[in-house]
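Shown here: upload.pdb, PDB, C-alpha atoms, pLDDT in the B column.
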ATOM      1  CA  MET J   1     146.136-122.998  89.259  1.00 43.00           C
ATOM      2  CA  LYS J   2     147.175-121.314  86.081  1.00 45.00           C
ATOM      3  CA  GLY J   3     148.659-123.754  83.597  1.00 49.00           C
ATOM      4  CA  PRO J   4     150.405-122.591  80.446  1.00 43.00           C
ATOM      5  CA  PHE J   5     147.229-122.398  78.413  1.00 46.00           C
ATOM      6  CA  VAL J   6     145.664-119.979  80.925  1.00 44.00           C
ATOM      7  CA  ILE J   7     148.867-117.975  81.352  1.00 40.00           C
ATOM      8  CA  ALA J   8     149.123-117.569  77.586  1.00 42.00           C
ATOM      9  CA  LEU J   9     145.638-116.140  77.396  1.00 41.00           C
ATOM     10  CA  ALA J  10     145.925-113.851  80.399  1.00 40.00           C
ATOM     11  CA  ALA J  11     149.562-112.815  80.515  1.00 39.00           C
ATOM     12  CA  GLY J  12     151.503-113.920  77.456  1.00 38.00           C
ATOM     13  CA  LEU J  13     152.762-117.157  79.057  1.00 37.00           C
ATOM     14  CA  LEU J  14     155.278-115.202  81.134  1.00 33.00           C
ATOM     15  CA  SER J  15     158.718-116.781  80.877  1.00 35.00           C
ATOM     16  CA  LEU J  16     157.677-119.769  78.741  1.00 33.00           C
ATOM     17  CA  LEU J  17     156.924-117.806  75.584  1.00 34.00           C
ATOM     18  CA  ILE J  18     159.256-116.168  73.133  1.00 30.00           C
ATOM     19  CA  ALA J  19     158.388-113.937  70.231  1.00 31.00           C
ATOM     20  CA  PHE J  20     158.199-115.516  66.792  1.00 31.00           C
ATOM     21  CA  ALA J  21     158.984-113.656  63.581  1.00 28.00           C
ATOM     22  CA  PRO J  22     156.093-113.474  61.076  1.00 32.00           C
ATOM     23  CA  ALA J  23     156.216-116.281  58.531  1.00 32.00           C
ATOM     24  CA  VAL J  24     154.081-117.838  55.848  1.00 30.00           C
ATOM     25  CA  TRP J  25     151.956-120.491  57.528  1.00 34.00           C
ATOM     26  CA  ARG J  26     150.084-123.077  55.528  1.00 36.00           C
ATOM     27  CA  MET J  27     147.369-123.121  58.145  1.00 41.00           C
ATOM     28  CA  PHE J  28     146.210-119.791  56.864  1.00 40.00           C
ATOM     29  CA  GLN J  29     145.649-120.722  53.287  1.00 41.00           C
ATOM     30  CA  PRO J  30     141.975-121.001  52.263  1.00 41.00           C
ATOM     31  CA  PRO J  31     140.485-124.496  52.625  1.00 41.00           C
ATOM     32  CA  ALA J  32     141.355-126.764  49.707  1.00 37.00           C
ATOM     33  CA  PRO J  33     138.733-126.861  46.948  1.00 35.00           C
ATOM     34  CA  ALA J  34     136.664-129.973  46.383  1.00 29.00           C
ATOM     35  CA  GLY J  35     138.519-132.796  44.685  1.00 29.00           C
ATOM     36  CA  THR J  36     141.945-131.946  46.100  1.00 27.00           C
ATOM     37  CA  VAL J  37     143.848-134.055  48.609  1.00 29.00           C
ATOM     38  CA  ALA J  38     142.653-133.502  52.175  1.00 33.00           C
ATOM     39  CA  PRO J  39     145.201-132.078  54.616  1.00 35.00           C
ATOM     40  CA  SER J  40     147.004-134.552  56.806  1.00 39.00           C
ATOM     41  CA  SER J  41     145.665-135.168  60.288  1.00 55.00           C
ATOM     42  CA  GLY J  42     147.108-133.491  63.344  1.00 83.00           C
ATOM     43  CA  ALA J  43     147.019-129.916  62.057  1.00 89.00           C
ATOM     44  CA  PRO J  44     146.145-127.122  64.515  1.00 92.00           C
ATOM     45  CA  TRP J  45     142.700-126.616  62.994  1.00 92.00           C
ATOM     46  CA  GLN J  46     141.801-130.305  63.189  1.00 93.00           C
ATOM     47  CA  VAL J  47     140.061-130.862  66.521  1.00 96.00           C
ATOM     48  CA  ALA J  48     138.366-134.260  66.735  1.00 96.00           C
ATOM     49  CA  LEU J  49     135.513-134.924  69.164  1.00 97.00           C
ATOM     50  CA  PRO J  50     135.712-138.682  69.875  1.00 96.00           C
ATOM     51  CA  ALA J  51     133.151-138.576  72.719  1.00 96.00           C
ATOM     52  CA  PRO J  52     130.933-135.998  74.471  1.00 96.00           C
ATOM     53  CA  GLY J  53     133.138-133.612  76.444  1.00 97.00           C
ATOM     54  CA  HIS J  54     136.342-135.057  74.952  1.00 97.00           C
ATOM     55  CA  SER J  55     138.662-133.798  72.222  1.00 97.00           C
ATOM     56  CA  ARG J  56     141.737-134.920  70.333  1.00 97.00           C
ATOM     57  CA  VAL J  57     144.287-132.522  68.853  1.00 96.00           C
ATOM     58  CA  PHE J  58     147.848-133.129  67.617  1.00 94.00           C
ATOM     59  CA  GLY J  59     147.189-136.808  68.292  1.00 93.00           C
ATOM     60  CA  LEU J  60     146.711-136.161  72.013  1.00 96.00           C
ATOM     61  CA  ASP J  61     143.531-136.847  73.983  1.00 97.00           C
ATOM     62  CA  LEU J  62     141.910-134.338  76.328  1.00 97.00           C
ATOM     63  CA  PRO J  63     141.385-135.994  78.713  1.00 94.00           C
ATOM     64  CA  GLY J  64     143.197-139.286  78.333  1.00 94.00           C
ATOM     65  CA  SER J  65     146.839-138.648  77.453  1.00 97.00           C
ATOM     66  CA  THR J  66     149.410-138.667  80.243  1.00 98.00           C
ATOM     67  CA  LEU J  67     152.810-137.210  81.015  1.00 98.00           C
ATOM     68  CA  ALA J  68     154.350-140.617  80.353  1.00 98.00           C
ATOM     69  CA  GLN J  69     152.826-140.742  76.866  1.00 97.00           C
ATOM     70  CA  ALA J  70     154.027-137.222  76.083  1.00 97.00           C
ATOM     71  CA  ARG J  71     157.553-138.169  77.152  1.00 96.00           C
ATOM     72  CA  GLN J  72     157.416-141.306  75.039  1.00 96.00           C
ATOM     73  CA  ARG J  73     156.429-139.222  72.028  1.00 94.00           C
ATOM     74  CA  TRP J  74     158.941-136.372  72.323  1.00 95.00           C
ATOM     75  CA  GLY J  75     161.693-137.680  74.559  1.00 94.00           C
ATOM     76  CA  ASP J  76     164.242-135.068  75.574  1.00 92.00           C
ATOM     77  CA  ALA J  77     162.614-132.491  73.280  1.00 95.00           C
ATOM     78  CA  LEU J  78     159.875-132.194  75.896  1.00 97.00           C
ATOM     79  CA  VAL J  79     161.099-129.963  78.725  1.00 97.00           C
ATOM     80  CA  LEU J  80     159.138-130.501  81.941  1.00 97.00           C
ATOM     81  CA  ALA J  81     159.131-128.513  85.165  1.00 97.00           C
ATOM     82  CA  LEU J  82     157.268-127.909  88.387  1.00 97.00           C
ATOM     83  CA  ILE J  83     156.238-124.250  88.599  1.00 96.00           C
ATOM     84  CA  ALA J  84     155.673-122.794  92.058  1.00 96.00           C
ATOM     85  CA  GLY J  85     153.741-119.541  91.791  1.00 93.00           C
ATOM     86  CA  GLY J  86     154.393-116.561  93.999  1.00 89.00           C
ATOM     87  CA  ASP J  87     150.946-117.124  95.504  1.00 90.00           C
ATOM     88  CA  GLY J  88     151.817-120.683  96.501  1.00 88.00           C
ATOM     89  CA  THR J  89     150.054-122.438  93.636  1.00 94.00           C
ATOM     90  CA  LEU J  90     151.782-125.337  91.901  1.00 96.00           C
ATOM     91  CA  ALA J  91     151.697-126.298  88.225  1.00 97.00           C
ATOM     92  CA  LEU J  92     153.145-129.156  86.213  1.00 98.00           C
ATOM     93  CA  GLU J  93     154.083-127.842  82.793  1.00 97.00           C
ATOM     94  CA  GLY J  94     156.131-128.678  79.746  1.00 97.00           C
ATOM     95  CA  TYR J  95     156.975-127.406  76.300  1.00 97.00           C
ATOM     96  CA  VAL J  96     158.360-128.518  72.953  1.00 96.00           C
ATOM     97  CA  GLU J  97     160.409-125.647  71.567  1.00 95.00           C
ATOM     98  CA  LYS J  98     160.329-126.656  67.899  1.00 93.00           C
ATOM     99  CA  PHE J  99     157.012-128.315  67.197  1.00 94.00           C
ATOM    100  CA  GLU J 100     155.567-129.085  63.780  1.00 90.00           C
ATOM    101  CA  ALA J 101     152.232-130.645  62.861  1.00 83.00           C
ATOM    102  CA  ALA J 102     151.115-131.207  59.281  1.00 81.00           C
ATOM    103  CA  GLY J 103     153.709-128.720  58.067  1.00 83.00           C
ATOM    104  CA  VAL J 104     152.675-126.059  60.580  1.00 84.00           C
ATOM    105  CA  GLY J 105     155.461-124.851  62.868  1.00 90.00           C
ATOM    106  CA  GLY J 106     155.495-123.205  66.261  1.00 93.00           C
ATOM    107  CA  ARG J 107     155.911-123.881  69.958  1.00 95.00           C
ATOM    108  CA  LEU J 108     153.771-126.330  71.919  1.00 97.00           C
ATOM    109  CA  LEU J 109     153.106-126.036  75.633  1.00 97.00           C
ATOM    110  CA  LEU J 110     151.492-128.716  77.778  1.00 98.00           C
ATOM    111  CA  ALA J 111     149.690-128.443  81.114  1.00 98.00           C
ATOM    112  CA  PHE J 112     149.178-131.483  83.334  1.00 98.00           C
ATOM    113  CA  ASP J 113     146.771-132.117  86.193  1.00 97.00           C
ATOM    114  CA  ALA J 114     147.986-130.395  89.331  1.00 95.00           C
ATOM    115  CA  GLU J 115     144.960-131.276  91.462  1.00 94.00           C
ATOM    116  CA  GLY J 116     145.363-135.029  91.389  1.00 94.00           C
ATOM    117  CA  THR J 117     149.124-134.700  91.895  1.00 96.00           C
ATOM    118  CA  ALA J 118     149.043-131.885  94.485  1.00 96.00           C
ATOM    119  CA  ALA J 119     150.652-133.852  97.324  1.00 96.00           C
ATOM    120  CA  THR J 120     153.378-135.223  95.057  1.00 97.00           C
ATOM    121  CA  LEU J 121     154.134-131.792  93.614  1.00 97.00           C
ATOM    122  CA  ALA J 122     154.333-130.237  97.071  1.00 96.00           C
ATOM    123  CA  ARG J 123     156.800-132.887  98.205  1.00 96.00           C
ATOM    124  CA  TRP J 124     159.020-132.465  95.153  1.00 97.00           C
ATOM    125  CA  ARG J 125     158.932-128.684  95.462  1.00 95.00           C
ATOM    126  CA  GLY J 126     160.618-129.042  98.826  1.00 94.00           C
ATOM    127  CA  ALA J 127     163.160-131.529  97.519  1.00 96.00           C
ATOM    128  CA  LEU J 128     164.213-129.885  94.253  1.00 95.00           C
ATOM    129  CA  PRO J 129     166.214-126.668  93.837  1.00 94.00           C
ATOM    130  CA  GLY J 130     164.236-123.842  92.274  1.00 94.00           C
ATOM    131  CA  VAL J 131     165.196-121.031  89.915  1.00 95.00           C
ATOM    132  CA  PRO J 132     163.508-117.640  90.521  1.00 94.00           C
ATOM    133  CA  GLN J 133     161.180-116.495  87.722  1.00 92.00           C
ATOM    134  CA  PRO J 134     160.248-112.947  86.636  1.00 91.00           C
ATOM    135  CA  SER J 135     156.689-113.668  87.797  1.00 86.00           C
ATOM    136  CA  GLY J 136     157.883-114.018  91.386  1.00 90.00           C
ATOM    137  CA  GLY J 137     157.598-117.800  91.441  1.00 93.00           C
ATOM    138  CA  ARG J 138     160.195-120.517  91.128  1.00 95.00           C
ATOM    139  CA  ARG J 139     160.841-123.154  88.471  1.00 96.00           C
ATOM    140  CA  HIS J 140     161.932-126.608  89.627  1.00 97.00           C
ATOM    141  CA  MET J 141     163.407-128.916  87.005  1.00 96.00           C
ATOM    142  CA  LEU J 142     162.312-132.514  87.516  1.00 96.00           C
ATOM    143  CA  THR J 143     164.678-135.391  88.225  1.00 96.00           C
ATOM    144  CA  ALA J 144     164.263-138.870  86.767  1.00 96.00           C
ATOM    145  CA  ALA J 145     162.701-140.003  90.040  1.00 97.00           C
ATOM    146  CA  ALA J 146     160.213-137.137  90.010  1.00 97.00           C
ATOM    147  CA  LEU J 147     159.293-137.797  86.389  1.00 97.00           C
ATOM    148  CA  ALA J 148     158.731-141.474  87.113  1.00 97.00           C
ATOM    149  CA  GLU J 149     156.407-140.702  90.006  1.00 97.00           C
ATOM    150  CA  LEU J 150     154.504-138.085  87.994  1.00 97.00           C
ATOM    151  CA  ALA J 151     154.222-140.268  84.878  1.00 97.00           C
ATOM    152  CA  PRO J 152     150.450-140.912  85.333  1.00 97.00           C
ATOM    153  CA  ALA J 153     149.633-137.168  85.517  1.00 98.00           C
ATOM    154  CA  ALA J 154     146.837-136.398  83.061  1.00 98.00           C
ATOM    155  CA  LEU J 155     147.211-133.894  80.261  1.00 98.00           C
ATOM    156  CA  VAL J 156     144.618-131.140  80.787  1.00 97.00           C
ATOM    157  CA  GLY J 157     145.571-128.450  78.294  1.00 97.00           C
ATOM    158  CA  LEU J 158     147.662-127.528  75.271  1.00 98.00           C
ATOM    159  CA  SER J 159     148.849-124.167  73.980  1.00 97.00           C
ATOM    160  CA  PHE J 160     150.171-123.756  70.451  1.00 96.00           C
ATOM    161  CA  VAL J 161     152.147-120.594  69.651  1.00 94.00           C
ATOM    162  CA  PRO J 162     152.338-120.292  65.860  1.00 90.00           C
ATOM    163  CA  ALA J 163     155.318-118.969  63.972  1.00 88.00           C
ATOM    164  CA  ALA J 164     153.024-116.587  62.093  1.00 83.00           C
ATOM    165  CA  ARG J 165     150.308-114.078  62.902  1.00 83.00           C
ATOM    166  CA  LEU J 166     146.630-114.950  63.047  1.00 82.00           C
ATOM    167  CA  ASP J 167     143.767-112.842  61.752  1.00 84.00           C
ATOM    168  CA  ALA J 168     139.986-112.927  61.702  1.00 87.00           C
ATOM    169  CA  GLU J 169     139.707-114.119  58.121  1.00 90.00           C
ATOM    170  CA  VAL J 170     141.797-117.233  58.508  1.00 86.00           C
ATOM    171  CA  LEU J 171     140.318-118.122  61.892  1.00 90.00           C
ATOM    172  CA  THR J 172     136.815-117.960  60.461  1.00 93.00           C
ATOM    173  CA  ALA J 173     137.879-120.044  57.450  1.00 92.00           C
ATOM    174  CA  ARG J 174     139.360-122.752  59.649  1.00 92.00           C
ATOM    175  CA  PHE J 175     137.115-122.796  62.732  1.00 94.00           C
ATOM    176  CA  GLY J 176     133.987-120.893  61.724  1.00 94.00           C
ATOM    177  CA  ALA J 177     132.455-118.025  63.663  1.00 95.00           C
ATOM    178  CA  PRO J 178     133.255-118.104  67.395  1.00 96.00           C
ATOM    179  CA  ALA J 179     130.541-118.502  69.988  1.00 96.00           C
ATOM    180  CA  GLU J 180     131.925-115.388  71.679  1.00 95.00           C
ATOM    181  CA  ARG J 181     134.576-112.743  71.155  1.00 94.00           C
ATOM    182  CA  LEU J 182     135.948-111.364  74.391  1.00 93.00           C
ATOM    183  CA  ALA J 183     138.245-108.339  74.499  1.00 90.00           C
ATOM    184  CA  THR J 184     140.430-107.782  77.557  1.00 83.00           C
ATOM    185  CA  GLY J 185     142.353-104.725  78.635  1.00 74.00           C
ATOM    186  CA  ASP J 186     145.766-106.156  77.787  1.00 77.00           C
ATOM    187  CA  GLY J 187     145.596-105.834  74.006  1.00 82.00           C
ATOM    188  CA  LEU J 188     144.085-109.295  73.574  1.00 88.00           C
ATOM    189  CA  GLU J 189     140.923-110.424  71.858  1.00 92.00           C
ATOM    190  CA  HIS J 190     139.813-113.975  72.631  1.00 95.00           C
ATOM    191  CA  TRP J 191     137.762-116.054  70.213  1.00 96.00           C
ATOM    192  CA  LEU J 192     135.924-118.747  72.158  1.00 97.00           C
ATOM    193  CA  TYR J 193     134.826-122.079  70.704  1.00 97.00           C
ATOM    194  CA  PRO J 194     133.412-124.015  73.679  1.00 97.00           C
ATOM    195  CA  GLN J 195     132.144-126.877  71.506  1.00 97.00           C
ATOM    196  CA  LEU J 196     135.763-127.570  70.474  1.00 97.00           C
ATOM    197  CA  GLY J 197     137.381-126.760  73.813  1.00 98.00           C
ATOM    198  CA  LEU J 198     139.315-124.043  71.962  1.00 98.00           C
ATOM    199  CA  ALA J 199     140.152-120.431  72.766  1.00 97.00           C
ATOM    200  CA  VAL J 200     142.257-118.336  70.404  1.00 96.00           C
ATOM    201  CA  ALA J 201     144.072-115.264  71.701  1.00 94.00           C
ATOM    202  CA  LEU J 202     144.752-112.572  69.104  1.00 91.00           C
ATOM    203  CA  ASP J 203     147.454-110.295  70.452  1.00 87.00           C
ATOM    204  CA  ALA J 204     148.072-106.864  68.958  1.00 79.00           C
ATOM    205  CA  ARG J 205     151.714-107.268  70.055  1.00 79.00           C
ATOM    206  CA  GLY J 206     152.140-110.416  67.969  1.00 75.00           C
ATOM    207  CA  ARG J 207     151.921-113.303  70.442  1.00 80.00           C
ATOM    208  CA  ASP J 208     148.890-115.162  69.173  1.00 90.00           C
ATOM    209  CA  VAL J 209     148.027-118.437  70.893  1.00 95.00           C
ATOM    210  CA  LEU J 210     145.644-121.328  70.287  1.00 96.00           C
ATOM    211  CA  GLN J 211     144.488-122.929  73.537  1.00 97.00           C
ATOM    212  CA  TYR J 212     142.949-126.397  73.731  1.00 98.00           C
ATOM    213  CA  THR J 213     141.284-128.243  76.583  1.00 98.00           C
ATOM    214  CA  ALA J 214     138.544-130.854  76.854  1.00 98.00           C
ATOM    215  CA  PRO J 215     135.186-129.294  75.906  1.00 98.00           C
ATOM    216  CA  ALA J 216     133.825-130.478  79.256  1.00 97.00           C
ATOM    217  CA  ASP J 217     136.498-128.363  81.004  1.00 97.00           C
ATOM    218  CA  PHE J 218     136.268-125.314  78.736  1.00 97.00           C
ATOM    219  CA  GLN J 219     134.275-123.039  81.033  1.00 96.00           C
ATOM    220  CA  ARG J 220     136.353-123.841  84.117  1.00 95.00           C
ATOM    221  CA  ARG J 221     139.805-123.863  82.590  1.00 95.00           C
ATOM    222  CA  LEU J 222     139.583-121.192  79.886  1.00 95.00           C
ATOM    223  CA  ALA J 223     136.426-119.090  79.901  1.00 95.00           C
ATOM    224  CA  ALA J 224     136.117-118.463  83.650  1.00 94.00           C
ATOM    225  CA  PRO J 225     139.673-117.129  84.148  1.00 91.00           C
ATOM    226  CA  LEU J 226     139.234-114.805  81.159  1.00 89.00           C
ATOM    227  CA  ARG J 227     136.127-113.338  82.723  1.00 86.00           C
ATOM    228  CA  GLY J 228     137.899-112.818  86.037  1.00 81.00           C
ATOM    229  CA  ASP J 229     136.220-115.684  87.821  1.00 71.00           C
ATOM    230  CA  ALA J 230     138.029-118.285  89.876  1.00 55.00           C
ATOM    231  CA  PRO J 231     141.321-119.336  88.224  1.00 51.00           C
ATOM    232  CA  ALA J 232     141.572-122.706  86.539  1.00 56.00           C
ATOM    233  CA  ARG J 233     142.815-125.628  88.568  1.00 52.00           C
TER     234      ARG J 233
END

Would you put the structure from the file into structure tokens?
Amino acid sequence: MKGPFVIALAAGLLSLLIAFAPAVWRMFQPPAPAGTVAPSSGAPWQVALPAPGHSRVFGLDLPGSTLAQARQRWGDALVLALIAGGDGTLALEGYVEKFEAAGVGGRLLLAFDAEGTAATLARWRGALPGVPQPSGGRRHMLTAAALAELAPAALVGLSFVPAARLDAEVLTARFGAPAERLATGDGLEHWLYPQLGLAVALDARGRDVLQYTAPADFQRRLAAPLRGDAPAR
């Protein structure tokens, strides 16, 4: 199943993404020289590795954080929906339209486990009205009852859409050299950092995206779909 972090890499996040005007982004300043105050935690370039195969970014754990915790953090600013793909796949997704971390602004998208909640999602798809999407699927907004039942759903991926363009120089300064650079035929170049669970999509059209998942899930959820293997689930 293609969550928002996979959709962003492969197809521009479809209806969930909007274009952002170029802006000055503090993320892209050179690292502070020695002796200056360290940047605050929770910035897009700060990926902690608390345990083998695990990561923490924006204060969220991959794996570990849940839909309930995300709702507690953002409240009504977090928009959640069940996405039924045209091919019958189901996804549990959300986004925060105006997200800021350590002075860095953009849009944050969240993908939750659709495997462990498959039966629940299928039942709610039949019970909730759906709105047709340009992709051919349908978007079902979740009721309070649905949200309560899906509260334990695990967070499996994050996508951050910055309000400014990325480039090779700043990515290298912040994350180092990627393990792999993968160009696709849709105007995208993907910088892969499997040790961080991070994939960065540089889009010639201006929709750059930073994708995060647990390092243990990196190959399955991010790398494999980019190479045309089985889609992430």

If we count all atoms listed in the file, what is near His54 in chain J at a cut-off of 9 Å, once residues fewer than 5 positions away on the same chain are taken out, given as a VMD selection string?
chain J and resid 48 to 49 61 to 64 196 to 197 213 to 216

I need the output of the PyMOL selection byres ((chain J and resi 171) around 12) for this file as an MDAnalysis selection string; which residues are they?
chainID J and resid 27:31 44:45 165:170 172:178 190:193 198:202 208:210

Restricting to all atoms listed in the file, whichever of J:Pro225, J:Pro152, J:Pro52, J:Gly86 is closest to Gly136 in chain J is J:Gly86

With distances taken over only C-alpha atoms, which of J:Pro132, J:Val79, J:Gly88, J:Ala43 is nearest to Gly103 in chain J?
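That would be J:Ala43, the residue with the smallest distance to Gly103 in chain J.
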
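Between CA of Leu82 in chain J and CA of His140 in chain J the interatomic distance comes to 5.0 Å.
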
Starting from the PyMOL selection byres ((chain J and resi 114-129) around 12), expand the selection into actual residues of this file and give them as a PDB file with C-alpha atoms, in the frame of the given file.
ATOM      1  CA  MET J   1     146.136-122.998  89.259  1.00 43.00           C
ATOM      2  CA  LYS J   2     147.175-121.314  86.081  1.00 45.00           C
ATOM      3  CA  GLY J   3     148.659-123.754  83.597  1.00 49.00           C
ATOM      4  CA  LEU J  67     152.810-137.210  81.015  1.00 98.00           C
ATOM      5  CA  ALA J  81     159.131-128.513  85.165  1.00 97.00           C
ATOM      6  CA  LEU J  82     157.268-127.909  88.387  1.00 97.00           C
ATOM      7  CA  ILE J  83     156.238-124.250  88.599  1.00 96.00           C
ATOM      8  CA  ALA J  84     155.673-122.794  92.058  1.00 96.00           C
ATOM      9  CA  GLY J  85     153.741-119.541  91.791  1.00 93.00           C
ATOM     10  CA  GLY J  88     151.817-120.683  96.501  1.00 88.00           C
ATOM     11  CA  THR J  89     150.054-122.438  93.636  1.00 94.00           C
ATOM     12  CA  LEU J  90     151.782-125.337  91.901  1.00 96.00           C
ATOM     13  CA  ALA J  91     151.697-126.298  88.225  1.00 97.00           C
ATOM     14  CA  LEU J  92     153.145-129.156  86.213  1.00 98.00           C
ATOM     15  CA  GLU J  93     154.083-127.842  82.793  1.00 97.00           C
ATOM     16  CA  ALA J 111     149.690-128.443  81.114  1.00 98.00           C
ATOM     17  CA  PHE J 112     149.178-131.483  83.334  1.00 98.00           C
ATOM     18  CA  ASP J 113     146.771-132.117  86.193  1.00 97.00           C
ATOM     19  CA  GLY J 130     164.236-123.842  92.274  1.00 94.00           C
ATOM     20  CA  VAL J 131     165.196-121.031  89.915  1.00 95.00           C
ATOM     21  CA  PRO J 132     163.508-117.640  90.521  1.00 94.00           C
ATOM     22  CA  GLY J 137     157.598-117.800  91.441  1.00 93.00           C
ATOM     23  CA  ARG J 138     160.195-120.517  91.128  1.00 95.00           C
ATOM     24  CA  ARG J 139     160.841-123.154  88.471  1.00 96.00           C
ATOM     25  CA  HIS J 140     161.932-126.608  89.627  1.00 97.00           C
ATOM     26  CA  MET J 141     163.407-128.916  87.005  1.00 96.00           C
ATOM     27  CA  LEU J 142     162.312-132.514  87.516  1.00 96.00           C
ATOM     28  CA  THR J 143     164.678-135.391  88.225  1.00 96.00           C
ATOM     29  CA  ALA J 144     164.263-138.870  86.767  1.00 96.00           C
ATOM     30  CA  ALA J 145     162.701-140.003  90.040  1.00 97.00           C
ATOM     31  CA  ALA J 146     160.213-137.137  90.010  1.00 97.00           C
ATOM     32  CA  LEU J 147     159.293-137.797  86.389  1.00 97.00           C
ATOM     33  CA  ALA J 148     158.731-141.474  87.113  1.00 97.00           C
ATOM     34  CA  GLU J 149     156.407-140.702  90.006  1.00 97.00           C
ATOM     35  CA  LEU J 150     154.504-138.085  87.994  1.00 97.00           C
ATOM     36  CA  ALA J 151     154.222-140.268  84.878  1.00 97.00           C
ATOM     37  CA  PRO J 152     150.450-140.912  85.333  1.00 97.00           C
ATOM     38  CA  ALA J 153     149.633-137.168  85.517  1.00 98.00           C
ATOM     39  CA  ALA J 154     146.837-136.398  83.061  1.00 98.00           C
ATOM     40  CA  LEU J 155     147.211-133.894  80.261  1.00 98.00           C
ATOM     41  CA  VAL J 156     144.618-131.140  80.787  1.00 97.00           C
ATOM     42  CA  GLY J 157     145.571-128.450  78.294  1.00 97.00           C
ATOM     43  CA  ALA J 232     141.572-122.706  86.539  1.00 56.00           C
ATOM     44  CA  ARG J 233     142.815-125.628  88.568  1.00 52.00           C
TER      45      ARG J 233
END

When distances are computed from only C-alpha atoms, which of J:Pro194, J:Leu158, J:Arg207, J:Ala223 shows the smallest separation from Ser65 in chain J?
J:Leu158

Between CA of Leu182 in chain J and CA of Gly206 in chain J, measure the distance and give it in Å to one decimal.
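Between CA of Leu182 in chain J and CA of Gly206 in chain J the gap works out to 17.4 Å.
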
Check the smallest atom-to-atom distance from each of J:Ala183, J:Val104, J:Leu78, J:Ala51 to Ala163 in chain J using all atoms listed in the file, then report the winner.
J:Val104

Taken to one decimal, the CA of Glu100 in chain J-CA of Gln133 in chain J distance is 27.6 Å

Once the PyMOL selection byres ((chain J and resi 99) around 10) is applied to the coordinates I shared, what remains selected? I want it as a VMD selection string.
chain J and resid 74 77 to 78 95 to 98 100 to 101 103 to 109 160 to 162

Counting all atoms listed in the file, the option among J:Val47, J:Asp203, J:Gln69, J:Gly187 closest to Ala164 in chain J
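That would be J:Asp203, the residue with the smallest distance to Ala164 in chain J.
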